[in-house]
file entry_30.txt (compact mmCIF, C-alpha atoms)
# COMPACT_ATOMS: atom_id res chain seq x y z
CA MET A 1 14.35 -48.13 13.02
CA ARG A 2 14.71 -44.61 11.68
CA ASP A 3 13.25 -45.06 8.25
CA ASN A 4 12.73 -41.95 6.18
CA ALA A 5 12.43 -43.98 2.99
CA LYS A 6 9.48 -42.82 0.92
CA THR A 7 7.57 -46.11 0.92
CA PRO A 8 5.09 -45.83 -1.93
CA GLU A 9 2.38 -47.73 -0.02
CA ARG A 10 2.50 -45.42 2.98
CA HIS A 11 2.46 -42.41 0.70
CA ALA A 12 -0.49 -43.70 -1.29
CA GLN A 13 -2.41 -44.41 1.93
CA ARG A 14 -1.76 -40.95 3.25
CA MET A 15 -2.77 -39.28 0.01
CA ALA A 16 -5.97 -41.33 -0.14
CA ALA A 17 -6.79 -40.27 3.43
CA LYS A 18 -6.03 -36.67 2.55
CA GLN A 19 -8.19 -36.81 -0.55
CA LYS A 20 -11.08 -38.08 1.56
CA ILE A 21 -10.60 -35.28 4.08
CA MET A 22 -10.41 -32.67 1.34
CA GLN A 23 -13.52 -34.07 -0.30
CA GLU A 24 -15.37 -33.74 2.99
CA ARG A 25 -14.06 -30.22 3.38
CA ILE A 26 -15.25 -29.18 -0.03
CA GLU A 27 -18.68 -30.68 0.65
CA ARG A 28 -19.06 -28.50 3.72
CA ALA A 29 -16.90 -25.55 2.76
CA ASP A 30 -18.97 -23.30 4.98
CA LYS A 31 -17.65 -25.19 7.99
CA GLU A 32 -14.43 -24.11 9.63
CA GLN A 33 -11.55 -26.56 9.72
CA GLY A 34 -8.07 -26.53 11.09
CA VAL A 35 -5.44 -25.94 8.44
CA LEU A 36 -1.87 -27.11 8.06
CA LEU A 37 0.39 -24.24 6.97
CA VAL A 38 3.99 -24.59 5.86
CA LEU A 39 6.38 -21.61 5.71
CA THR A 40 9.58 -22.51 3.89
CA GLY A 41 12.26 -21.19 1.51
CA PRO A 42 15.51 -19.27 2.08
CA GLY A 43 14.07 -15.78 2.66
CA LYS A 44 13.68 -14.06 6.00
CA GLY A 45 10.32 -14.14 7.74
CA LYS A 46 9.39 -17.81 8.15
CA SER A 47 9.59 -18.07 11.92
CA SER A 48 8.42 -14.53 12.48
CA SER A 49 5.38 -15.26 10.33
CA GLY A 50 4.60 -18.29 12.50
CA PHE A 51 4.91 -16.14 15.61
CA GLY A 52 2.68 -13.47 14.08
CA MET A 53 0.01 -16.12 13.51
CA LEU A 54 0.43 -17.08 17.17
CA ALA A 55 -0.21 -13.47 18.20
CA ARG A 56 -3.29 -13.30 15.98
CA ALA A 57 -4.64 -16.56 17.43
CA LEU A 58 -4.09 -15.23 20.96
CA GLY A 59 -5.95 -12.08 19.95
CA HIS A 60 -8.91 -14.34 19.13
CA GLY A 61 -8.70 -15.90 22.59
CA MET A 62 -7.27 -19.18 21.31
CA ARG A 63 -4.95 -21.49 23.22
CA VAL A 64 -1.64 -22.15 21.47
CA GLY A 65 1.36 -24.45 21.74
CA VAL A 66 4.90 -23.84 20.47
CA VAL A 67 7.74 -26.29 20.03
CA GLN A 68 11.00 -24.79 18.77
CA PHE A 69 13.38 -27.16 17.00
CA ILE A 70 16.02 -24.45 16.91
CA LYS A 71 19.61 -24.49 15.83
CA GLY A 72 21.78 -23.37 18.69
CA ARG A 73 19.93 -22.88 21.92
CA ARG A 74 19.74 -19.27 22.91
CA GLU A 75 17.10 -17.12 24.54
CA THR A 76 15.19 -15.52 21.69
CA GLY A 77 13.02 -12.44 21.72
CA GLU A 78 9.96 -14.53 20.80
CA GLU A 79 10.57 -16.88 23.66
CA ALA A 80 10.91 -14.07 26.21
CA PHE A 81 7.78 -12.46 24.86
CA PHE A 82 5.45 -15.42 24.40
CA ARG A 83 6.42 -17.23 27.59
CA ARG A 84 4.88 -14.39 29.56
CA GLN A 85 1.57 -14.47 27.65
CA PRO A 86 -1.39 -16.37 29.08
CA GLY A 87 -2.70 -19.21 26.91
CA VAL A 88 0.73 -20.24 25.61
CA ASP A 89 2.56 -23.54 26.18
CA TYR A 90 6.17 -23.01 25.09
CA HIS A 91 8.75 -25.73 24.67
CA VAL A 92 12.31 -25.46 23.35
CA MET A 93 14.15 -28.56 22.20
CA GLY A 94 16.87 -29.80 24.58
CA GLU A 95 18.09 -27.01 26.84
CA GLY A 96 21.70 -26.38 25.94
CA PHE A 97 21.21 -28.27 22.69
CA THR A 98 22.93 -27.11 19.53
CA TRP A 99 22.93 -28.55 16.05
CA ASP A 100 26.68 -27.99 16.03
CA THR A 101 27.28 -31.04 18.20
CA GLN A 102 29.11 -33.90 16.58
CA ASP A 103 27.06 -36.38 18.60
CA ARG A 104 24.33 -37.52 16.26
CA GLU A 105 22.73 -39.87 18.78
CA ARG A 106 22.33 -37.06 21.28
CA ASP A 107 20.78 -34.87 18.57
CA ILE A 108 18.31 -37.57 17.68
CA GLN A 109 17.32 -38.03 21.31
CA ALA A 110 16.75 -34.29 21.72
CA ALA A 111 14.66 -34.14 18.54
CA GLU A 112 12.59 -37.15 19.56
CA ALA A 113 11.95 -35.77 23.03
CA ALA A 114 10.82 -32.49 21.43
CA TRP A 115 8.54 -34.40 19.06
CA GLU A 116 6.93 -36.16 22.01
CA VAL A 117 5.99 -32.74 23.40
CA ALA A 118 4.67 -31.72 19.98
CA ARG A 119 2.70 -34.94 19.74
CA GLY A 120 1.11 -34.23 23.12
CA MET A 121 -0.18 -30.95 21.68
CA LEU A 122 -1.24 -32.51 18.36
CA THR A 123 -3.45 -35.01 20.21
CA ASP A 124 -5.02 -32.45 22.55
CA PRO A 125 -8.06 -30.61 21.13
CA GLN A 126 -7.62 -27.90 23.76
CA PHE A 127 -4.81 -26.51 21.58
CA ASP A 128 -6.32 -24.38 18.82
CA LEU A 129 -2.97 -23.78 17.10
CA VAL A 130 0.38 -25.57 17.31
CA LEU A 131 3.52 -23.89 15.97
CA LEU A 132 6.38 -26.27 15.10
CA ASP A 133 9.20 -23.82 14.57
CA GLU A 134 12.15 -25.07 12.47
CA LEU A 135 10.73 -28.58 12.35
CA ASN A 136 11.84 -28.78 8.72
CA ILE A 137 15.46 -28.64 9.86
CA ALA A 138 15.03 -31.67 12.12
CA LEU A 139 13.44 -33.49 9.18
CA ARG A 140 16.20 -32.39 6.84
CA TYR A 141 18.81 -33.91 9.15
CA GLU A 142 16.66 -37.04 9.38
CA TYR A 143 16.57 -36.72 13.14
CA LEU A 144 12.87 -37.52 13.07
CA ASP A 145 11.02 -40.15 11.11
CA LEU A 146 9.15 -38.30 8.38
CA ASP A 147 6.27 -40.78 8.17
CA ARG A 148 5.64 -40.57 11.89
CA VAL A 149 5.63 -36.76 11.79
CA LEU A 150 3.22 -36.71 8.83
CA ASP A 151 0.92 -39.25 10.48
CA ASP A 152 0.80 -37.24 13.70
CA LEU A 153 0.09 -34.02 11.81
CA GLN A 154 -2.67 -35.66 9.81
CA ALA A 155 -4.25 -37.27 12.89
CA ARG A 156 -4.55 -33.99 14.84
CA PRO A 157 -7.99 -32.71 15.94
CA ALA A 158 -10.16 -31.48 13.04
CA MET A 159 -10.35 -27.90 14.26
CA GLN A 160 -6.68 -27.56 15.19
CA HIS A 161 -4.35 -25.38 13.11
CA ALA A 162 -0.72 -26.42 12.71
CA VAL A 163 2.08 -24.19 11.40
CA VAL A 164 5.43 -25.67 10.37
CA THR A 165 8.44 -23.45 9.60
CA GLY A 166 11.97 -23.92 8.32
CA ARG A 167 13.91 -24.22 5.10
CA TYR A 168 13.81 -27.36 3.03
CA ALA A 169 10.24 -28.49 3.72
CA PRO A 170 10.09 -32.08 2.46
CA ARG A 171 7.94 -32.68 -0.61
CA GLU A 172 5.63 -35.03 1.31
CA LEU A 173 4.89 -32.34 3.89
CA ILE A 174 4.09 -29.84 1.13
CA GLU A 175 1.70 -32.37 -0.37
CA LEU A 176 -0.04 -32.87 2.94
CA ALA A 177 -0.28 -29.14 3.74
CA ASP A 178 -3.27 -26.94 2.97
CA THR A 179 -1.31 -23.73 2.44
CA VAL A 180 2.38 -23.35 1.63
CA THR A 181 4.39 -20.15 1.28
CA GLU A 182 7.94 -20.04 0.05
CA MET A 183 10.02 -17.09 1.24
CA LYS A 184 12.32 -15.85 -1.50
CA VAL A 185 15.34 -13.64 -0.86
CA VAL A 186 15.14 -10.50 -2.96
CA LYS A 187 17.79 -8.74 -0.90
CA HIS A 188 19.61 -9.50 2.32
CA ALA A 189 21.31 -6.67 4.25
CA PHE A 190 23.54 -8.81 6.39
CA LYS A 191 24.87 -11.10 3.71
CA GLU A 192 25.25 -8.57 0.93
CA GLN A 193 26.38 -5.54 2.82
CA GLY A 194 28.24 -6.81 5.85
CA VAL A 195 25.79 -5.20 8.24
CA LYS A 196 25.76 -6.92 11.60
CA ALA A 197 22.60 -8.84 12.44
CA GLN A 198 20.36 -6.80 14.68
CA LYS A 199 18.94 -7.58 18.06
CA GLY A 200 15.18 -7.40 17.65
CA ILE A 201 15.22 -8.03 13.93
CA GLU A 202 17.36 -11.04 13.10
CA LEU A 203 15.26 -14.11 12.27
CA MET B 1 0.31 17.94 -5.91
CA ARG B 2 0.26 14.17 -5.65
CA ASP B 3 3.26 13.35 -7.79
CA ASN B 4 4.37 9.75 -7.89
CA ALA B 5 6.40 10.36 -11.03
CA LYS B 6 9.83 8.78 -10.76
CA THR B 7 11.86 11.98 -11.14
CA PRO B 8 15.36 10.82 -12.10
CA GLU B 9 17.03 13.62 -10.08
CA ARG B 10 15.23 12.75 -6.85
CA HIS B 11 16.01 9.10 -7.40
CA ALA B 12 19.69 9.75 -8.05
CA GLN B 13 19.91 11.93 -4.94
CA ARG B 14 18.31 9.27 -2.80
CA MET B 15 20.53 6.52 -4.15
CA ALA B 16 23.64 8.64 -3.58
CA ALA B 17 22.56 9.23 0.02
CA LYS B 18 21.88 5.54 0.44
CA GLN B 19 25.26 4.61 -1.00
CA LYS B 20 26.94 6.92 1.50
CA ILE B 21 24.98 5.36 4.37
CA MET B 22 25.82 1.84 3.20
CA GLN B 23 29.49 2.75 2.85
CA GLU B 24 29.52 4.00 6.42
CA ARG B 25 27.77 0.85 7.54
CA ILE B 26 30.30 -1.38 5.86
CA GLU B 27 33.14 0.61 7.40
CA ARG B 28 31.79 -0.07 10.88
CA ALA B 29 30.01 -3.36 10.30
CA ASP B 30 30.46 -4.25 13.95
CA LYS B 31 28.11 -1.42 14.87
CA GLU B 32 24.39 -2.03 15.03
CA GLN B 33 22.14 -0.09 12.71
CA GLY B 34 18.44 0.09 12.14
CA VAL B 35 17.34 -1.80 9.05
CA LEU B 36 14.52 -1.28 6.58
CA LEU B 37 12.76 -4.55 5.81
CA VAL B 38 10.19 -5.08 3.09
CA LEU B 39 7.86 -8.10 3.02
CA THR B 40 6.03 -8.38 -0.27
CA GLY B 41 4.70 -10.84 -2.85
CA PRO B 42 1.39 -12.69 -3.20
CA GLY B 43 1.99 -15.49 -0.65
CA LYS B 44 0.54 -15.63 2.83
CA GLY B 45 2.65 -14.49 5.77
CA LYS B 46 3.66 -10.90 5.04
CA SER B 47 1.71 -9.14 7.77
CA SER B 48 2.08 -12.01 10.21
CA SER B 49 5.83 -11.89 9.69
CA GLY B 50 5.81 -8.18 10.52
CA PHE B 51 3.81 -8.89 13.67
CA GLY B 52 6.20 -11.70 14.63
CA MET B 53 9.08 -9.22 14.39
CA LEU B 54 7.07 -6.93 16.64
CA ALA B 55 6.74 -9.70 19.22
CA ARG B 56 10.47 -10.44 19.03
CA ALA B 57 11.32 -6.74 19.49
CA LEU B 58 9.00 -6.56 22.50
CA GLY B 59 10.77 -9.63 23.88
CA HIS B 60 13.99 -7.60 23.74
CA GLY B 61 12.32 -4.80 25.70
CA MET B 62 12.03 -2.50 22.71
CA ARG B 63 9.35 0.11 22.13
CA VAL B 64 7.37 -0.36 18.92
CA GLY B 65 4.89 1.51 16.75
CA VAL B 66 2.34 0.07 14.33
CA VAL B 67 0.34 1.80 11.63
CA GLN B 68 -2.07 -0.41 9.70
CA PHE B 69 -3.02 0.75 6.23
CA ILE B 70 -5.57 -2.04 6.01
CA LYS B 71 -8.17 -2.88 3.42
CA GLY B 72 -11.56 -2.93 5.08
CA ARG B 73 -11.53 -1.86 8.67
CA ARG B 74 -12.27 -4.73 11.03
CA GLU B 75 -10.96 -5.72 14.42
CA THR B 76 -8.12 -8.12 13.76
CA GLY B 77 -6.56 -10.65 16.08
CA GLU B 78 -3.23 -8.80 15.96
CA GLU B 79 -4.89 -5.56 16.93
CA ALA B 80 -6.71 -7.11 19.89
CA PHE B 81 -3.51 -8.79 21.00
CA PHE B 82 -0.93 -6.04 20.55
CA ARG B 83 -3.10 -3.20 21.83
CA ARG B 84 -3.01 -4.81 25.27
CA GLN B 85 0.80 -5.16 25.33
CA PRO B 86 2.92 -2.54 27.09
CA GLY B 87 5.40 -0.70 24.86
CA VAL B 88 3.13 -0.66 21.78
CA ASP B 89 1.62 2.37 20.02
CA TYR B 90 -1.05 1.05 17.66
CA HIS B 91 -2.82 3.07 14.99
CA VAL B 92 -5.31 1.91 12.39
CA MET B 93 -6.03 4.03 9.34
CA GLY B 94 -9.39 5.82 9.38
CA GLU B 95 -11.86 4.10 11.69
CA GLY B 96 -14.64 2.77 9.49
CA PHE B 97 -12.45 3.19 6.46
CA THR B 98 -12.55 0.65 3.66
CA TRP B 99 -10.75 0.52 0.35
CA ASP B 100 -14.09 -0.39 -1.21
CA THR B 101 -15.30 3.19 -1.02
CA GLN B 102 -15.80 4.97 -4.31
CA ASP B 103 -14.70 8.25 -2.78
CA ARG B 104 -11.07 8.63 -3.75
CA GLU B 105 -10.66 11.97 -2.00
CA ARG B 106 -11.81 10.47 1.30
CA ASP B 107 -9.38 7.56 0.81
CA ILE B 108 -6.50 9.94 0.20
CA GLN B 109 -7.34 11.93 3.31
CA ALA B 110 -7.43 8.76 5.41
CA ALA B 111 -4.11 7.56 3.99
CA GLU B 112 -2.47 10.94 4.55
CA ALA B 113 -3.72 11.15 8.12
CA ALA B 114 -2.31 7.67 8.74
CA TRP B 115 1.00 8.70 7.22
CA GLU B 116 1.18 11.67 9.57
CA VAL B 117 0.97 9.23 12.47
CA ALA B 118 3.65 7.05 10.87
CA ARG B 119 5.84 10.08 10.32
CA GLY B 120 5.53 10.97 14.00
CA MET B 121 6.98 7.55 14.82
CA LEU B 122 9.66 7.74 12.11
CA THR B 123 10.98 11.00 13.58
CA ASP B 124 10.96 9.80 17.20
CA PRO B 125 14.07 7.87 18.28
CA GLN B 126 12.14 6.43 21.22
CA PHE B 127 10.57 3.99 18.75
CA ASP B 128 12.96 1.10 18.17
CA LEU B 129 10.80 -0.51 15.49
CA VAL B 130 7.97 0.84 13.32
CA LEU B 131 5.68 -1.56 11.46
CA LEU B 132 3.89 -0.07 8.45
CA ASP B 133 1.41 -2.82 7.69
CA GLU B 134 -0.02 -2.85 4.15
CA LEU B 135 1.66 0.45 3.32
CA ASN B 136 2.45 -0.96 -0.13
CA ILE B 137 -1.26 -1.03 -0.93
CA ALA B 138 -1.64 2.69 -0.17
CA LEU B 139 1.35 3.32 -2.44
CA ARG B 140 -0.07 1.06 -5.14
CA TYR B 141 -3.28 3.10 -5.20
CA GLU B 142 -1.16 6.27 -5.26
CA TYR B 143 -2.93 7.52 -2.15
CA LEU B 144 0.43 8.63 -0.78
CA ASP B 145 3.26 10.42 -2.49
CA LEU B 146 6.01 7.83 -2.98
CA ASP B 147 8.89 10.30 -2.76
CA ARG B 148 7.65 11.68 0.52
CA VAL B 149 7.28 8.18 1.98
CA LEU B 150 10.78 7.21 0.85
CA ASP B 151 12.28 10.43 2.20
CA ASP B 152 10.64 9.94 5.59
CA LEU B 153 11.81 6.32 5.75
CA GLN B 154 15.34 7.29 4.87
CA ALA B 155 15.43 10.17 7.36
CA ARG B 156 14.41 8.02 10.33
CA PRO B 157 16.74 7.68 13.36
CA ALA B 158 19.86 5.60 12.63
CA MET B 159 19.04 2.85 15.14
CA GLN B 160 15.36 2.54 14.25
CA HIS B 161 14.09 -0.53 12.39
CA ALA B 162 11.22 -0.14 9.93
CA VAL B 163 9.17 -2.99 8.47
CA VAL B 164 6.89 -2.44 5.46
CA THR B 165 4.41 -5.08 4.34
CA GLY B 166 2.00 -5.58 1.45
CA ARG B 167 1.88 -6.81 -2.11
CA TYR B 168 3.30 -4.78 -4.94
CA ALA B 169 6.19 -3.08 -3.15
CA PRO B 170 7.32 -0.32 -5.52
CA ARG B 171 10.73 -0.79 -7.13
CA GLU B 172 12.11 2.37 -5.48
CA LEU B 173 11.20 1.05 -2.03
CA ILE B 174 12.93 -2.25 -2.79
CA GLU B 175 16.02 -0.31 -3.84
CA LEU B 176 16.01 1.68 -0.62
CA ALA B 177 15.43 -1.35 1.62
CA ASP B 178 18.17 -3.33 3.35
CA THR B 179 16.35 -6.67 3.30
CA VAL B 180 13.47 -7.75 1.06
CA THR B 181 11.55 -11.01 1.13
CA GLU B 182 9.04 -12.00 -1.49
CA MET B 183 6.34 -14.41 -0.35
CA LYS B 184 5.51 -16.90 -3.08
CA VAL B 185 2.32 -18.97 -3.13
CA VAL B 186 3.15 -22.66 -3.40
CA LYS B 187 -0.32 -23.73 -2.34
CA HIS B 188 -3.38 -21.93 -1.01
CA ALA B 189 -6.06 -23.92 0.82
CA PHE B 190 -8.83 -21.40 0.53
CA LYS B 191 -8.46 -20.58 -3.10
CA GLU B 192 -7.72 -24.05 -4.40
CA GLN B 193 -9.89 -26.17 -2.21
CA GLY B 194 -12.85 -24.01 -1.29
CA VAL B 195 -12.03 -24.21 2.40
CA LYS B 196 -13.43 -21.30 4.33
CA ALA B 197 -10.89 -18.83 5.71
CA GLN B 198 -10.23 -19.52 9.36
CA LYS B 199 -10.53 -17.29 12.35
CA GLY B 200 -7.06 -17.13 13.87
CA ILE B 201 -5.24 -18.09 10.73
CA GLU B 202 -6.39 -15.94 7.84
CA LEU B 203 -3.85 -13.28 6.98
call {"tool": "encode", "arguments": {"input": "entry_30.txt", "output": "structure tokens"}}
result
Amino acid sequence: MRDNAKTPERHAQRMAAKQKIMQERIERADKEQGVLLVLTGPGKGKSSSGFGMLARALGHGMRVGVVQFIKGRRETGEEAFFRRQPGVDYHVMGEGFTWDTQDRERDIQAAEAAWEVARGMLTDPQFDLVLLDELNIALRYEYLDLDRVLDDLQARPAMQHAVVTGRYAPRELIELADTVTEMKVVKHAFKEQGVKAQKGIEL
Amino acid sequence: MRDNAKTPERHAQRMAAKQKIMQERIERADKEQGVLLVLTGPGKGKSSSGFGMLARALGHGMRVGVVQFIKGRRETGEEAFFRRQPGVDYHVMGEGFTWDTQDRERDIQAAEAAWEVARGMLTDPQFDLVLLDELNIALRYEYLDLDRVLDDLQARPAMQHAVVTGRYAPRELIELADTVTEMKVVKHAFKEQGVKAQKGIEL
């Protein structure tokens, strides 16, 4: 059932559909379109960049949705902050969930339930931007079917922006995306220098 | 007067001071310390990452300051959003200012006035985090004296976090920083595909 195999047919179909969409975009490049952004790589700043885009979108009066596929459930600063903003729907995968569990079936259920929430946003044109924080980790663990995720992202409303964060973005997602940034570590205080991670700063 | 020359003595002094600070940090690595973060490189997400850290800090009940050294003054989504949050001091360099001006003296005055505001924050322990957005651009143009900027950053209160964004972070700033991320372009929708920059997403 869970089939992350890169079936060449499915991939070719998706790329053909994407090419068509891109062709249409180029033909009317003066028209605004929703973009798919991917923030990946080992450096700090992926999630915080996604949350900064959320703040910017809210500043433009947009309605936004967030689903956090986080490792180790804990109240985060972003969550405390954005839950109290108007115009934000905020969902965190499986309360009490942690990737540390040894129960793979439970993990998969939590990830799938979270994806159902994400899918609800990705099919609702009232959401101007959907942030899928750490989705790449759920894909990396193969807790979600990659083809299904890509199909849902591609099928979202034309004007809707989607932002996906997390290390190890799969190649197929990078191909589908409009803009991709890789965060590179130049220097890391906590790893290199033994400085304790900071409340308010740690990513 | 404006002397961005890398005087070896000043540099050696600063590095010695930094080494001492880092040694103390390592000795009491269980103690929290303010960190200096630099977000640089050509990829998208530098400023938005800084603003995401701002949101996270606000979620932890911290007080934050922002100075934007932006290119081309325009109301941004972040500005609209964060100006209405409690606990935020928000300053934008020179109202009506744009880097496009041909008047270098006017640019320098605007940058220096903005730095005075930043310096006020960097000497006030009530600020838990100070975001210096696009400061690297002002340094790149040599509109601010690099040594003065580095000295003020280094002299800030021990618990205060500082985040500096913008392309072309100078080497000396990278050396002084605790954590540095370089944003790499993997793909860029607007440049490669002629898609118009989006309200709510453009960085």
call {"tool": "closest_residue", "arguments": {"input": "entry_30.txt", "among": "B:Arg119, B:His91, B:Lys46, B:Lys18", "to": "A:Glu182", "atoms": "only C-alpha atoms"}}
result
B:Lys46
call {"tool": "residues_around", "arguments": {"input": "entry_30.txt", "residues": "B:Leu54", "least_positions_apart": "2", "cutoff": "10 Å", "atoms": "only C-alpha atoms", "output": "PDB file with C-alpha atoms, keeping the file's coordinate frame"}}
result
ATOM      1  CA  SER A  48       8.420 -14.530  12.480  1.00  0.00           C
ATOM      2  CA  PHE A  51       4.910 -16.140  15.610  1.00  0.00           C
ATOM      3  CA  GLY A  52       2.680 -13.470  14.080  1.00  0.00           C
ATOM      4  CA  ALA A  55      -0.210 -13.470  18.200  1.00  0.00           C
ATOM      5  CA  GLY A  77      13.020 -12.440  21.720  1.00  0.00           C
ATOM      6  CA  GLU A  78       9.960 -14.530  20.800  1.00  0.00           C
ATOM      7  CA  PHE A  81       7.780 -12.460  24.860  1.00  0.00           C
ATOM      8  CA  GLY A 200      15.180  -7.400  17.650  1.00  0.00           C
ATOM      9  CA  ILE A 201      15.220  -8.030  13.930  1.00  0.00           C
TER      10      ILE A 201
ATOM     11  CA  SER B  48       2.080 -12.010  10.210  1.00  0.00           C
ATOM     12  CA  SER B  49       5.830 -11.890   9.690  1.00  0.00           C
ATOM     13  CA  GLY B  50       5.810  -8.180  10.520  1.00  0.00           C
ATOM     14  CA  PHE B  51       3.810  -8.890  13.670  1.00  0.00           C
ATOM     15  CA  GLY B  52       6.200 -11.700  14.630  1.00  0.00           C
ATOM     16  CA  ARG B  56      10.470 -10.440  19.030  1.00  0.00           C
ATOM     17  CA  ALA B  57      11.320  -6.740  19.490  1.00  0.00           C
ATOM     18  CA  LEU B  58       9.000  -6.560  22.500  1.00  0.00           C
ATOM     19  CA  GLY B  59      10.770  -9.630  23.880  1.00  0.00           C
ATOM     20  CA  HIS B  60      13.990  -7.600  23.740  1.00  0.00           C
ATOM     21  CA  MET B  62      12.030  -2.500  22.710  1.00  0.00           C
ATOM     22  CA  ARG B  63       9.350   0.110  22.130  1.00  0.00           C
ATOM     23  CA  VAL B  64       7.370  -0.360  18.920  1.00  0.00           C
ATOM     24  CA  GLY B  65       4.890   1.510  16.750  1.00  0.00           C
ATOM     25  CA  VAL B  66       2.340   0.070  14.330  1.00  0.00           C
ATOM     26  CA  PHE B  82      -0.930  -6.040  20.550  1.00  0.00           C
ATOM     27  CA  VAL B  88       3.130  -0.660  21.780  1.00  0.00           C
ATOM     28  CA  LEU B 129      10.800  -0.510  15.490  1.00  0.00           C
ATOM     29  CA  VAL B 130       7.970   0.840  13.320  1.00  0.00           C
ATOM     30  CA  LEU B 131       5.680  -1.560  11.460  1.00  0.00           C
ATOM     31  CA  VAL B 163       9.170  -2.990   8.470  1.00  0.00           C
TER      32      VAL B 163
END
call {"tool": "residues_around", "arguments": {"input": "entry_30.txt", "residues": "A:Gly43", "least_positions_apart": "4", "cutoff": "8 Å", "atoms": "all atoms listed in the file", "output": "list in words"}}
result
Glu182, Met183, Lys184, Val185 and Val186 of chain A; Thr181 and Glu182 of chain B
call {"tool": "residues_around", "arguments": {"input": "entry_30.txt", "residues": "B:Met93", "least_positions_apart": "6", "cutoff": "10 Å", "atoms": "only C-alpha atoms", "output": "PDB file with C-alpha atoms, in the coordinates of the input"}}
result
ATOM      1  CA  VAL B  67       0.340   1.800  11.630  1.00  0.00           C
ATOM      2  CA  GLN B  68      -2.070  -0.410   9.700  1.00  0.00           C
ATOM      3  CA  PHE B  69      -3.020   0.750   6.230  1.00  0.00           C
ATOM      4  CA  ILE B  70      -5.570  -2.040   6.010  1.00  0.00           C
ATOM      5  CA  LYS B  71      -8.170  -2.880   3.420  1.00  0.00           C
ATOM      6  CA  GLY B  72     -11.560  -2.930   5.080  1.00  0.00           C
ATOM      7  CA  ARG B  73     -11.530  -1.860   8.670  1.00  0.00           C
ATOM      8  CA  ASP B 107      -9.380   7.560   0.810  1.00  0.00           C
ATOM      9  CA  ALA B 110      -7.430   8.760   5.410  1.00  0.00           C
ATOM     10  CA  ALA B 111      -4.110   7.560   3.990  1.00  0.00           C
ATOM     11  CA  GLU B 112      -2.470  10.940   4.550  1.00  0.00           C
ATOM     12  CA  ALA B 113      -3.720  11.150   8.120  1.00  0.00           C
ATOM     13  CA  ALA B 114      -2.310   7.670   8.740  1.00  0.00           C
ATOM     14  CA  TRP B 115       1.000   8.700   7.220  1.00  0.00           C
ATOM     15  CA  VAL B 117       0.970   9.230  12.470  1.00  0.00           C
TER      16      VAL B 117
END
call {"tool": "closest_residue", "arguments": {"input": "entry_30.txt", "among": "B:Leu176, B:Val38, B:Ala80, B:Ile108", "to": "chain A", "atoms": "only C-alpha atoms"}}
result
B:Ala80
call {"tool": "atom_distance", "arguments": {"input": "entry_30.txt", "atom1": "atom CA of B:Lys44", "atom2": "atom CA of A:Val164"}}
result
13.5 Å
call {"tool": "atom_distance", "arguments": {"input": "entry_30.txt", "atom1": "atom CA of B:Gly87", "atom2": "atom CA of B:Gly61"}}
result
8.1 Å
call {"tool": "closest_residue", "arguments": {"input": "entry_30.txt", "among": "B:Gln160, B:Asn136, B:Gln33, B:Gln154", "to": "chain A", "atoms": "only C-alpha atoms"}}
result
B:Gln33
call {"tool": "closest_residue", "arguments": {"input": "entry_30.txt", "among": "B:Thr123, B:Glu134, B:Arg167, B:Leu39", "to": "B:Asp151", "atoms": "only C-alpha atoms"}}
result
B:Thr123
call {"tool": "closest_residue", "arguments": {"input": "entry_30.txt", "among": "B:Gly166, B:Gly94, B:Gly41, B:Gly34", "to": "B:Leu153", "atoms": "only C-alpha atoms"}}
result
B:Gly34
call {"tool": "closest_residue", "arguments": {"input": "entry_30.txt", "among": "B:Val149, B:Asp178, B:Met15, B:Leu144", "to": "chain A", "atoms": "all atoms listed in the file"}}
result
B:Asp178
call {"tool": "residues_around", "arguments": {"input": "entry_30.txt", "residues": "B:Pro8", "least_positions_apart": "6", "cutoff": "12 Å", "atoms": "all atoms listed in the file", "output": "list in words"}}
result
Arg14, Met15, Asp147 and Glu172 of chain B
call {"tool": "write_last_selection", "arguments": {"input": "entry_30.txt", "atoms": "C-alpha atoms", "output": "compact mmCIF listing (two decimals), in the coordinates of the input"}}
result
# COMPACT_ATOMS: atom_id res chain seq x y z
CA ARG B 14 18.31 9.27 -2.80
CA MET B 15 20.53 6.52 -4.15
CA ASP B 147 8.89 10.30 -2.76
CA GLU B 172 12.11 2.37 -5.48
call {"tool": "atom_distance", "arguments": {"input": "entry_30.txt", "atom1": "atom CA of B:Gln126", "atom2": "atom CA of B:Gln19"}}
result
25.9 Å
call {"tool": "axis_aligned_box", "arguments": {"input": "entry_30.txt", "around": "stretch 103-119 of chain B", "padding_each_side": "6 Å", "output": "JSON"}}
result
{"center_x": -4.4, "center_y": 9.5, "center_z": 4.4, "size_x": 32.5, "size_y": 16.9, "size_z": 28.2}
